[in-house]
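A.B. asks: File structure-v7.pdb below, PDB, N, CA and C atoms and all ligand atoms:
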```pdb
ATOM      1  N   MET A   1      91.303-129.707  -7.393  1.00  0.00           N
ATOM      2  CA  MET A   1      90.193-128.779  -7.291  1.00  0.00           C
ATOM      3  C   MET A   1      90.769-127.357  -7.314  1.00  0.00           C
ATOM      4  N   LYS A   2      89.938-126.429  -7.802  1.00  0.00           N
ATOM      5  CA  LYS A   2      90.380-125.039  -7.822  1.00  0.00           C
ATOM      6  C   LYS A   2      90.620-124.539  -6.404  1.00  0.00           C
ATOM      7  N   LEU A   3      91.488-123.537  -6.296  1.00  0.00           N
ATOM      8  CA  LEU A   3      91.833-122.976  -4.997  1.00  0.00           C
ATOM      9  C   LEU A   3      90.572-122.542  -4.246  1.00  0.00           C
ATOM     10  N   GLY A   4      90.515-122.910  -2.981  1.00  0.00           N
ATOM     11  CA  GLY A   4      89.390-122.515  -2.141  1.00  0.00           C
ATOM     12  C   GLY A   4      88.171-123.410  -2.278  1.00  0.00           C
ATOM     13  N   THR A   5      88.263-124.462  -3.097  1.00  0.00           N
ATOM     14  CA  THR A   5      87.131-125.376  -3.233  1.00  0.00           C
ATOM     15  C   THR A   5      87.537-126.774  -2.787  1.00  0.00           C
ATOM     16  N   THR A   6      86.553-127.537  -2.339  1.00  0.00           N
ATOM     17  CA  THR A   6      86.752-128.951  -2.032  1.00  0.00           C
ATOM     18  C   THR A   6      85.539-129.696  -2.563  1.00  0.00           C
ATOM     19  N   ALA A   7      85.700-130.994  -2.725  1.00  0.00           N
ATOM     20  CA  ALA A   7      84.589-131.800  -3.225  1.00  0.00           C
ATOM     21  C   ALA A   7      83.703-132.301  -2.088  1.00  0.00           C
ATOM     22  N   GLY A   8      84.097-132.024  -0.854  1.00  0.00           N
ATOM     23  CA  GLY A   8      83.320-132.561   0.259  1.00  0.00           C
ATOM     24  C   GLY A   8      83.523-134.055   0.374  1.00  0.00           C
ATOM     25  N   ASP A   9      82.503-134.755   0.874  1.00  0.00           N
ATOM     26  CA  ASP A   9      82.619-136.205   1.056  1.00  0.00           C
ATOM     27  C   ASP A   9      82.325-136.988  -0.224  1.00  0.00           C
ATOM     28  N   ILE A  10      81.606-136.370  -1.140  1.00  0.00           N
ATOM     29  CA  ILE A  10      81.209-137.044  -2.380  1.00  0.00           C
ATOM     30  C   ILE A  10      81.427-136.087  -3.551  1.00  0.00           C
ATOM     31  N   PHE A  11      82.115-136.559  -4.594  1.00  0.00           N
ATOM     32  CA  PHE A  11      82.260-135.752  -5.801  1.00  0.00           C
ATOM     33  C   PHE A  11      80.991-135.907  -6.618  1.00  0.00           C
ATOM     34  N   ASP A  12      80.315-134.792  -6.893  1.00  0.00           N
ATOM     35  CA  ASP A  12      79.106-134.871  -7.706  1.00  0.00           C
ATOM     36  C   ASP A  12      79.071-133.726  -8.712  1.00  0.00           C
ATOM     37  N   GLU A  13      77.938-133.597  -9.392  1.00  0.00           N
ATOM     38  CA  GLU A  13      77.795-132.626 -10.484  1.00  0.00           C
ATOM     39  C   GLU A  13      78.191-131.216 -10.080  1.00  0.00           C
ATOM     40  N   LYS A  14      77.858-130.825  -8.858  1.00  0.00           N
ATOM     41  CA  LYS A  14      78.139-129.455  -8.437  1.00  0.00           C
ATOM     42  C   LYS A  14      79.634-129.182  -8.312  1.00  0.00           C
ATOM     43  N   ASP A  15      80.422-130.229  -8.238  1.00  0.00           N
ATOM     44  CA  ASP A  15      81.869-130.060  -8.106  1.00  0.00           C
ATOM     45  C   ASP A  15      82.579-129.897  -9.450  1.00  0.00           C
ATOM     46  N   ILE A  16      81.913-130.263 -10.519  1.00  0.00           N
ATOM     47  CA  ILE A  16      82.562-130.244 -11.835  1.00  0.00           C
ATOM     48  C   ILE A  16      83.129-128.864 -12.208  1.00  0.00           C
ATOM     49  N   PRO A  17      82.393-127.758 -11.986  1.00  0.00           N
ATOM     50  CA  PRO A  17      82.969-126.450 -12.336  1.00  0.00           C
ATOM     51  C   PRO A  17      84.205-126.093 -11.499  1.00  0.00           C
ATOM     52  N   ASN A  18      84.401-126.787 -10.395  1.00  0.00           N
ATOM     53  CA  ASN A  18      85.526-126.484  -9.511  1.00  0.00           C
ATOM     54  C   ASN A  18      86.770-127.326  -9.818  1.00  0.00           C
ATOM     55  N   VAL A  19      86.689-128.157 -10.843  1.00  0.00           N
ATOM     56  CA  VAL A  19      87.847-128.989 -11.196  1.00  0.00           C
ATOM     57  C   VAL A  19      88.891-128.121 -11.889  1.00  0.00           C
ATOM     58  N   PHE A  20      90.101-128.150 -11.364  1.00  0.00           N
ATOM     59  CA  PHE A  20      91.197-127.397 -11.990  1.00  0.00           C
ATOM     60  C   PHE A  20      91.786-128.184 -13.143  1.00  0.00           C
ATOM     61  N   TRP A  21      91.999-129.458 -12.912  1.00  0.00           N
ATOM     62  CA  TRP A  21      92.609-130.331 -13.928  1.00  0.00           C
ATOM     63  C   TRP A  21      92.279-131.757 -13.561  1.00  0.00           C
ATOM     64  N   GLU A  22      92.165-132.627 -14.562  1.00  0.00           N
ATOM     65  CA  GLU A  22      91.886-134.021 -14.242  1.00  0.00           C
ATOM     66  C   GLU A  22      92.518-134.953 -15.262  1.00  0.00           C
ATOM     67  N   VAL A  23      92.705-136.180 -14.836  1.00  0.00           N
ATOM     68  CA  VAL A  23      93.209-137.234 -15.712  1.00  0.00           C
ATOM     69  C   VAL A  23      92.476-138.510 -15.352  1.00  0.00           C
ATOM     70  N   GLU A  24      92.171-139.330 -16.368  1.00  0.00           N
ATOM     71  CA  GLU A  24      91.468-140.591 -16.120  1.00  0.00           C
ATOM     72  C   GLU A  24      92.448-141.746 -16.191  1.00  0.00           C
ATOM     73  N   ILE A  25      92.402-142.597 -15.187  1.00  0.00           N
ATOM     74  CA  ILE A  25      93.266-143.774 -15.123  1.00  0.00           C
ATOM     75  C   ILE A  25      92.375-144.964 -14.796  1.00  0.00           C
ATOM     76  N   GLN A  26      92.489-146.013 -15.567  1.00  0.00           N
ATOM     77  CA  GLN A  26      91.688-147.213 -15.320  1.00  0.00           C
ATOM     78  C   GLN A  26      92.249-147.987 -14.124  1.00  0.00           C
ATOM     79  N   PRO A  27      91.394-148.750 -13.433  1.00  0.00           N
ATOM     80  CA  PRO A  27      91.875-149.548 -12.298  1.00  0.00           C
ATOM     81  C   PRO A  27      93.057-150.421 -12.698  1.00  0.00           C
ATOM     82  N   GLY A  28      94.103-150.351 -11.916  1.00  0.00           N
ATOM     83  CA  GLY A  28      95.308-151.127 -12.187  1.00  0.00           C
ATOM     84  C   GLY A  28      96.194-150.522 -13.257  1.00  0.00           C
ATOM     85  N   GLY A  29      95.732-149.434 -13.844  1.00  0.00           N
ATOM     86  CA  GLY A  29      96.497-148.815 -14.920  1.00  0.00           C
ATOM     87  C   GLY A  29      97.489-147.795 -14.409  1.00  0.00           C
ATOM     88  N   SER A  30      98.246-147.241 -15.309  1.00  0.00           N
ATOM     89  CA  SER A  30      99.167-146.159 -14.966  1.00  0.00           C
ATOM     90  C   SER A  30      99.236-145.217 -16.157  1.00  0.00           C
ATOM     91  N   ILE A  31      99.708-144.018 -15.900  1.00  0.00           N
ATOM     92  CA  ILE A  31      99.798-143.029 -16.960  1.00  0.00           C
ATOM     93  C   ILE A  31     100.920-142.057 -16.624  1.00  0.00           C
ATOM     94  N   ASP A  32     101.635-141.644 -17.642  1.00  0.00           N
ATOM     95  CA  ASP A  32     102.594-140.556 -17.487  1.00  0.00           C
ATOM     96  C   ASP A  32     101.924-139.309 -18.028  1.00  0.00           C
ATOM     97  N   THR A  33     101.886-138.276 -17.229  1.00  0.00           N
ATOM     98  CA  THR A  33     101.209-137.070 -17.660  1.00  0.00           C
ATOM     99  C   THR A  33     101.872-135.856 -17.009  1.00  0.00           C
ATOM    100  N   ALA A  34     101.459-134.697 -17.409  1.00  0.00           N
ATOM    101  CA  ALA A  34     101.994-133.461 -16.844  1.00  0.00           C
ATOM    102  C   ALA A  34     100.892-132.414 -16.861  1.00  0.00           C
ATOM    103  N   PHE A  35     100.985-131.475 -15.964  1.00  0.00           N
ATOM    104  CA  PHE A  35     100.043-130.366 -15.987  1.00  0.00           C
ATOM    105  C   PHE A  35     100.768-129.102 -15.548  1.00  0.00           C
ATOM    106  N   THR A  36     100.191-127.983 -15.891  1.00  0.00           N
ATOM    107  CA  THR A  36     100.759-126.703 -15.483  1.00  0.00           C
ATOM    108  C   THR A  36     100.190-126.332 -14.130  1.00  0.00           C
ATOM    109  N   ALA A  37     101.062-126.136 -13.170  1.00  0.00           N
ATOM    110  CA  ALA A  37     100.622-125.809 -11.812  1.00  0.00           C
ATOM    111  C   ALA A  37      99.873-124.480 -11.807  1.00  0.00           C
ATOM    112  N   PRO A  38      98.935-124.339 -10.876  1.00  0.00           N
ATOM    113  CA  PRO A  38      98.238-123.061 -10.752  1.00  0.00           C
ATOM    114  C   PRO A  38      99.233-121.941 -10.448  1.00  0.00           C
ATOM    115  N   THR A  39      98.909-120.746 -10.879  1.00  0.00           N
ATOM    116  CA  THR A  39      99.795-119.610 -10.617  1.00  0.00           C
ATOM    117  C   THR A  39      99.574-119.034  -9.219  1.00  0.00           C
ATOM    118  N   GLU A  40      98.448-119.350  -8.609  1.00  0.00           N
ATOM    119  CA  GLU A  40      98.117-118.797  -7.303  1.00  0.00           C
ATOM    120  C   GLU A  40      98.596-119.735  -6.198  1.00  0.00           C
ATOM    121  N   ALA A  41      99.424-119.194  -5.293  1.00  0.00           N
ATOM    122  CA  ALA A  41      99.930-120.002  -4.188  1.00  0.00           C
ATOM    123  C   ALA A  41      98.785-120.407  -3.269  1.00  0.00           C
ATOM    124  N   GLY A  42      98.908-121.582  -2.696  1.00  0.00           N
ATOM    125  CA  GLY A  42      97.890-122.044  -1.761  1.00  0.00           C
ATOM    126  C   GLY A  42      97.844-123.551  -1.722  1.00  0.00           C
ATOM    127  N   GLU A  43      96.882-124.062  -0.974  1.00  0.00           N
ATOM    128  CA  GLU A  43      96.713-125.500  -0.845  1.00  0.00           C
ATOM    129  C   GLU A  43      95.498-125.936  -1.669  1.00  0.00           C
ATOM    130  N   TYR A  44      95.730-126.881  -2.544  1.00  0.00           N
ATOM    131  CA  TYR A  44      94.699-127.367  -3.463  1.00  0.00           C
ATOM    132  C   TYR A  44      94.330-128.799  -3.093  1.00  0.00           C
ATOM    133  N   GLN A  45      93.040-129.070  -3.047  1.00  0.00           N
ATOM    134  CA  GLN A  45      92.606-130.431  -2.763  1.00  0.00           C
ATOM    135  C   GLN A  45      92.709-131.282  -4.030  1.00  0.00           C
ATOM    136  N   VAL A  46      93.246-132.479  -3.880  1.00  0.00           N
ATOM    137  CA  VAL A  46      93.313-133.463  -4.958  1.00  0.00           C
ATOM    138  C   VAL A  46      92.403-134.618  -4.551  1.00  0.00           C
ATOM    139  N   VAL A  47      91.502-135.019  -5.434  1.00  0.00           N
ATOM    140  CA  VAL A  47      90.562-136.087  -5.081  1.00  0.00           C
ATOM    141  C   VAL A  47      90.451-137.110  -6.201  1.00  0.00           C
ATOM    142  N   CYS A  48      90.011-138.297  -5.810  1.00  0.00           N
ATOM    143  CA  CYS A  48      89.600-139.319  -6.764  1.00  0.00           C
ATOM    144  C   CYS A  48      88.085-139.196  -6.913  1.00  0.00           C
ATOM    145  N   ARG A  49      87.618-139.106  -8.166  1.00  0.00           N
ATOM    146  CA  ARG A  49      86.188-138.918  -8.412  1.00  0.00           C
ATOM    147  C   ARG A  49      85.374-140.192  -8.277  1.00  0.00           C
ATOM    148  N   THR A  50      86.004-141.338  -8.223  1.00  0.00           N
ATOM    149  CA  THR A  50      85.246-142.592  -8.153  1.00  0.00           C
ATOM    150  C   THR A  50      84.403-142.606  -6.883  1.00  0.00           C
ATOM    151  N   GLU A  51      83.131-142.994  -7.030  1.00  0.00           N
ATOM    152  CA  GLU A  51      82.194-142.971  -5.910  1.00  0.00           C
ATOM    153  C   GLU A  51      82.751-143.731  -4.713  1.00  0.00           C
ATOM    154  N   GLY A  52      82.686-143.100  -3.554  1.00  0.00           N
ATOM    155  CA  GLY A  52      83.107-143.733  -2.310  1.00  0.00           C
ATOM    156  C   GLY A  52      84.589-143.601  -2.012  1.00  0.00           C
ATOM    157  N   HIS A  53      85.361-143.079  -2.949  1.00  0.00           N
ATOM    158  CA  HIS A  53      86.802-143.036  -2.734  1.00  0.00           C
ATOM    159  C   HIS A  53      87.258-141.865  -1.873  1.00  0.00           C
ATOM    160  N   ILE A  54      86.539-140.762  -1.901  1.00  0.00           N
ATOM    161  CA  ILE A  54      86.936-139.639  -1.045  1.00  0.00           C
ATOM    162  C   ILE A  54      86.796-140.032   0.423  1.00  0.00           C
ATOM    163  N   VAL A  55      85.654-140.614   0.768  1.00  0.00           N
ATOM    164  CA  VAL A  55      85.452-140.999   2.170  1.00  0.00           C
ATOM    165  C   VAL A  55      86.381-142.140   2.575  1.00  0.00           C
ATOM    166  N   SER A  56      86.892-142.878   1.577  1.00  0.00           N
ATOM    167  CA  SER A  56      87.864-143.939   1.871  1.00  0.00           C
ATOM    168  C   SER A  56      89.277-143.381   1.997  1.00  0.00           C
ATOM    169  N   GLY A  57      89.414-142.073   1.777  1.00  0.00           N
ATOM    170  CA  GLY A  57      90.711-141.440   1.979  1.00  0.00           C
ATOM    171  C   GLY A  57      91.537-141.245   0.727  1.00  0.00           C
ATOM    172  N   MET A  58      90.950-141.431  -0.450  1.00  0.00           N
ATOM    173  CA  MET A  58      91.733-141.241  -1.666  1.00  0.00           C
ATOM    174  C   MET A  58      91.739-139.763  -2.036  1.00  0.00           C
ATOM    175  N   THR A  59      92.428-139.012  -1.217  1.00  0.00           N
ATOM    176  CA  THR A  59      92.575-137.573  -1.417  1.00  0.00           C
ATOM    177  C   THR A  59      94.025-137.195  -1.148  1.00  0.00           C
ATOM    178  N   ALA A  60      94.390-136.027  -1.588  1.00  0.00           N
ATOM    179  CA  ALA A  60      95.746-135.525  -1.358  1.00  0.00           C
ATOM    180  C   ALA A  60      95.690-134.003  -1.337  1.00  0.00           C
ATOM    181  N   LYS A  61      96.804-133.415  -1.008  1.00  0.00           N
ATOM    182  CA  LYS A  61      96.895-131.957  -0.973  1.00  0.00           C
ATOM    183  C   LYS A  61      98.061-131.527  -1.854  1.00  0.00           C
ATOM    184  N   LEU A  62      97.805-130.586  -2.745  1.00  0.00           N
ATOM    185  CA  LEU A  62      98.862-129.991  -3.562  1.00  0.00           C
ATOM    186  C   LEU A  62      99.144-128.604  -3.009  1.00  0.00           C
ATOM    187  N   THR A  63     100.378-128.375  -2.581  1.00  0.00           N
ATOM    188  CA  THR A  63     100.746-127.076  -2.046  1.00  0.00           C
ATOM    189  C   THR A  63     101.561-126.310  -3.093  1.00  0.00           C
ATOM    190  N   VAL A  64     101.063-125.177  -3.492  1.00  0.00           N
ATOM    191  CA  VAL A  64     101.757-124.311  -4.461  1.00  0.00           C
ATOM    192  C   VAL A  64     102.332-123.138  -3.679  1.00  0.00           C
ATOM    193  N   VAL A  65     103.644-122.931  -3.813  1.00  0.00           N
ATOM    194  CA  VAL A  65     104.293-121.843  -3.088  1.00  0.00           C
ATOM    195  C   VAL A  65     104.728-120.761  -4.073  1.00  0.00           C
ATOM    196  N   ALA A  66     104.717-119.545  -3.607  1.00  0.00           N
ATOM    197  CA  ALA A  66     105.098-118.419  -4.448  1.00  0.00           C
ATOM    198  C   ALA A  66     106.592-118.454  -4.717  1.00  0.00           C
ATOM    199  N   ASN A  67     106.972-118.021  -5.894  1.00  0.00           N
ATOM    200  CA  ASN A  67     108.369-117.924  -6.263  1.00  0.00           C
ATOM    201  C   ASN A  67     108.973-116.703  -5.582  1.00  0.00           C
ATOM    202  N   GLU A  68     110.109-116.873  -4.903  1.00  0.00           N
ATOM    203  CA  GLU A  68     110.695-115.727  -4.190  1.00  0.00           C
ATOM    204  C   GLU A  68     111.923-115.206  -4.886  1.00  0.00           C
TER     205      GLU A  68
HETATM  206 CU    CU B 101      89.943-143.733  -6.210  1.00  0.00          CU
END
```
Please lay out the structure from this file as structure tokens.

C.D. replies:
Amino acid sequence: MKLGTTAGDIFDEKDIPNVFWEVEIQPGGSIDTAFTAPTEAGEYQVVCRTEGHIVSGMTAKLTVVANE
């Protein structure tokens, strides 16, 4: 999710503009992928969009730190 935004307990239509980057993976599948990290330091929420998965704990935090 974009910096300063969260999907709350349920990912829905209103959250779509707040998506920073996404990838689709089928159940049981795997994927090798890469993305360009945000340039703004901070803590970014990572969520699974599948219904019911946020409240089940399928979330993470991406911490971006400034280059010193
Ligand atoms: Cu999930």

A.B. asks: What does the distance from atom C of Thr39 of chain A to atom C of Leu3 of chain A come to in Å, to one decimal?

C.D. replies: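 Calculated distance between atom C of Thr39 of chain A and atom C of Leu3 of chain A is 10.9 Å.
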
A.B. asks: Could you give me, as a list in words, the residues within 12 Å of Thr36 of chain A, counting only C-alpha atoms and dropping anything in the same chain fewer than 2 positions from it?

C.D. replies: Phe20, Trp21, Glu22, Thr33, Ala34, Pro38, Thr39, Glu40 and Val64 of chain A

A.B. asks: Between chain A and ligand CU 101 (chain B), at 7 Å or less, what are the per-residue closest atom pairs and their distances in Å? Count all atoms listed in the file, order by chain and rising residue number, and return it as a tab-separated table.

C.D. replies:
```
residue	atom	partner	partner_atom	distance
A:Val47	C	B:CU101	CU	6.6
A:Cys48	CA	B:CU101	CU	4.5
A:Arg49	N	B:CU101	CU	5.5
A:Thr50	N	B:CU101	CU	5.0
A:Glu51	N	B:CU101	CU	6.9
A:Gly52	C	B:CU101	CU	6.8
A:His53	CA	B:CU101	CU	4.7
A:Ile54	N	B:CU101	CU	6.2
A:Met58	CA	B:CU101	CU	5.5
```

A.B. asks: From the set A:Asp15, A:Ile10, A:Gly4, A:Ala60, which residue has the shortest atom-to-atom contact distance to Gly42 of chain A, counting only N, CA and C atoms?

C.D. replies: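 Among the listed residues, A:Gly4 lies closest to Gly42 of chain A.
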
A.B. asks: What's the separation between atom CA of Asn18 of chain A and atom C of Thr6 of chain A, in Å to one decimal place?

C.D. replies: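 Atom CA of Asn18 of chain A sits 7.7 Å away from atom C of Thr6 of chain A.
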
A.B. asks: By how many Å are atom CA of Thr5 of chain A and atom CA of Glu24 of chain A apart?

C.D. replies: 20.4 Å

A.B. asks: Quick one: DSSP strand (DSSP E or B) residues in segment 21-53 of chain A, as a list in words?

C.D. replies: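 Checking each residue of segment 21-53 of chain A, the strand (DSSP E or B) ones are Gly42, Glu43, Tyr44, Gln45, Val46 and Val47 of chain A.
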
A.B. asks: Pick out the closest residue to Gly8 of chain A from this set: A:Glu43, A:Ala66, A:Gly29, A:Val55. Count only N, CA and C atoms.

C.D. replies: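 Looking only at the distances to Gly8 of chain A, the closest residue turns out to be A:Val55.
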
A.B. asks: Fewer than 4 positions away in the same chain doesn't count, so skip those; otherwise give me all residues within 5 Å of Val46 of chain A, counting only N, CA and C atoms, as a list in words.

C.D. replies: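 The residues that qualify are Met1, Thr59, Ala60 and Lys61 of chain A.
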
A.B. asks: How would segment 8-29 of chain A look with N, CA, C and O atoms restored, written as an mmCIF file, in the coordinates of the input?

C.D. replies:
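Saved the output as result35.cif:
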```cif
data_model
loop_
_atom_site.group_PDB
_atom_site.id
_atom_site.type_symbol
_atom_site.label_atom_id
_atom_site.label_comp_id
_atom_site.auth_asym_id
_atom_site.auth_seq_id
_atom_site.Cartn_x
_atom_site.Cartn_y
_atom_site.Cartn_z
ATOM 1 N N GLY A 8 84.097 -132.024 -0.854
ATOM 2 C CA GLY A 8 83.320 -132.561 0.259
ATOM 3 C C GLY A 8 83.523 -134.055 0.374
ATOM 4 O O GLY A 8 84.567 -134.577 -0.011
ATOM 5 N N ASP A 9 82.503 -134.755 0.874
ATOM 6 C CA ASP A 9 82.619 -136.205 1.056
ATOM 7 C C ASP A 9 82.325 -136.988 -0.224
ATOM 8 O O ASP A 9 82.706 -138.148 -0.343
ATOM 9 N N ILE A 10 81.606 -136.370 -1.140
ATOM 10 C CA ILE A 10 81.209 -137.044 -2.380
ATOM 11 C C ILE A 10 81.427 -136.087 -3.551
ATOM 12 O O ILE A 10 80.961 -134.946 -3.514
ATOM 13 N N PHE A 11 82.115 -136.559 -4.594
ATOM 14 C CA PHE A 11 82.260 -135.752 -5.801
ATOM 15 C C PHE A 11 80.991 -135.907 -6.618
ATOM 16 O O PHE A 11 80.600 -137.006 -6.983
ATOM 17 N N ASP A 12 80.315 -134.792 -6.893
ATOM 18 C CA ASP A 12 79.106 -134.871 -7.706
ATOM 19 C C ASP A 12 79.071 -133.726 -8.712
ATOM 20 O O ASP A 12 80.047 -132.984 -8.864
ATOM 21 N N GLU A 13 77.938 -133.597 -9.392
ATOM 22 C CA GLU A 13 77.795 -132.626 -10.484
ATOM 23 C C GLU A 13 78.191 -131.216 -10.080
ATOM 24 O O GLU A 13 78.784 -130.487 -10.855
ATOM 25 N N LYS A 14 77.858 -130.825 -8.858
ATOM 26 C CA LYS A 14 78.139 -129.455 -8.437
ATOM 27 C C LYS A 14 79.634 -129.182 -8.312
ATOM 28 O O LYS A 14 80.059 -128.032 -8.297
ATOM 29 N N ASP A 15 80.422 -130.229 -8.238
ATOM 30 C CA ASP A 15 81.869 -130.060 -8.106
ATOM 31 C C ASP A 15 82.579 -129.897 -9.450
ATOM 32 O O ASP A 15 83.721 -129.445 -9.501
ATOM 33 N N ILE A 16 81.913 -130.263 -10.519
ATOM 34 C CA ILE A 16 82.562 -130.244 -11.835
ATOM 35 C C ILE A 16 83.129 -128.864 -12.208
ATOM 36 O O ILE A 16 84.263 -128.775 -12.670
ATOM 37 N N PRO A 17 82.393 -127.758 -11.986
ATOM 38 C CA PRO A 17 82.969 -126.450 -12.336
ATOM 39 C C PRO A 17 84.205 -126.093 -11.499
ATOM 40 O O PRO A 17 84.964 -125.201 -11.871
ATOM 41 N N ASN A 18 84.401 -126.787 -10.395
ATOM 42 C CA ASN A 18 85.526 -126.484 -9.511
ATOM 43 C C ASN A 18 86.770 -127.326 -9.818
ATOM 44 O O ASN A 18 87.782 -127.186 -9.143
ATOM 45 N N VAL A 19 86.689 -128.157 -10.843
ATOM 46 C CA VAL A 19 87.847 -128.989 -11.196
ATOM 47 C C VAL A 19 88.891 -128.121 -11.889
ATOM 48 O O VAL A 19 88.598 -127.433 -12.868
ATOM 49 N N PHE A 20 90.101 -128.150 -11.364
ATOM 50 C CA PHE A 20 91.197 -127.397 -11.990
ATOM 51 C C PHE A 20 91.786 -128.184 -13.143
ATOM 52 O O PHE A 20 92.051 -127.650 -14.217
ATOM 53 N N TRP A 21 91.999 -129.458 -12.912
ATOM 54 C CA TRP A 21 92.609 -130.331 -13.928
ATOM 55 C C TRP A 21 92.279 -131.757 -13.561
ATOM 56 O O TRP A 21 92.121 -132.071 -12.393
ATOM 57 N N GLU A 22 92.165 -132.627 -14.562
ATOM 58 C CA GLU A 22 91.886 -134.021 -14.242
ATOM 59 C C GLU A 22 92.518 -134.953 -15.262
ATOM 60 O O GLU A 22 92.820 -134.561 -16.387
ATOM 61 N N VAL A 23 92.705 -136.180 -14.836
ATOM 62 C CA VAL A 23 93.209 -137.234 -15.712
ATOM 63 C C VAL A 23 92.476 -138.510 -15.352
ATOM 64 O O VAL A 23 92.132 -138.729 -14.188
ATOM 65 N N GLU A 24 92.171 -139.330 -16.368
ATOM 66 C CA GLU A 24 91.468 -140.591 -16.120
ATOM 67 C C GLU A 24 92.448 -141.746 -16.191
ATOM 68 O O GLU A 24 93.232 -141.851 -17.139
ATOM 69 N N ILE A 25 92.402 -142.597 -15.187
ATOM 70 C CA ILE A 25 93.266 -143.774 -15.123
ATOM 71 C C ILE A 25 92.375 -144.964 -14.796
ATOM 72 O O ILE A 25 91.586 -144.915 -13.859
ATOM 73 N N GLN A 26 92.489 -146.013 -15.567
ATOM 74 C CA GLN A 26 91.688 -147.213 -15.320
ATOM 75 C C GLN A 26 92.249 -147.987 -14.124
ATOM 76 O O GLN A 26 93.446 -147.900 -13.827
ATOM 77 N N PRO A 27 91.394 -148.750 -13.433
ATOM 78 C CA PRO A 27 91.875 -149.548 -12.298
ATOM 79 C C PRO A 27 93.057 -150.421 -12.698
ATOM 80 O O PRO A 27 93.021 -151.094 -13.730
ATOM 81 N N GLY A 28 94.103 -150.351 -11.916
ATOM 82 C CA GLY A 28 95.308 -151.127 -12.187
ATOM 83 C C GLY A 28 96.194 -150.522 -13.257
ATOM 84 O O GLY A 28 97.273 -151.047 -13.537
ATOM 85 N N GLY A 29 95.732 -149.434 -13.844
ATOM 86 C CA GLY A 29 96.497 -148.815 -14.920
ATOM 87 C C GLY A 29 97.489 -147.795 -14.409
ATOM 88 O O GLY A 29 97.576 -147.523 -13.210
#
```
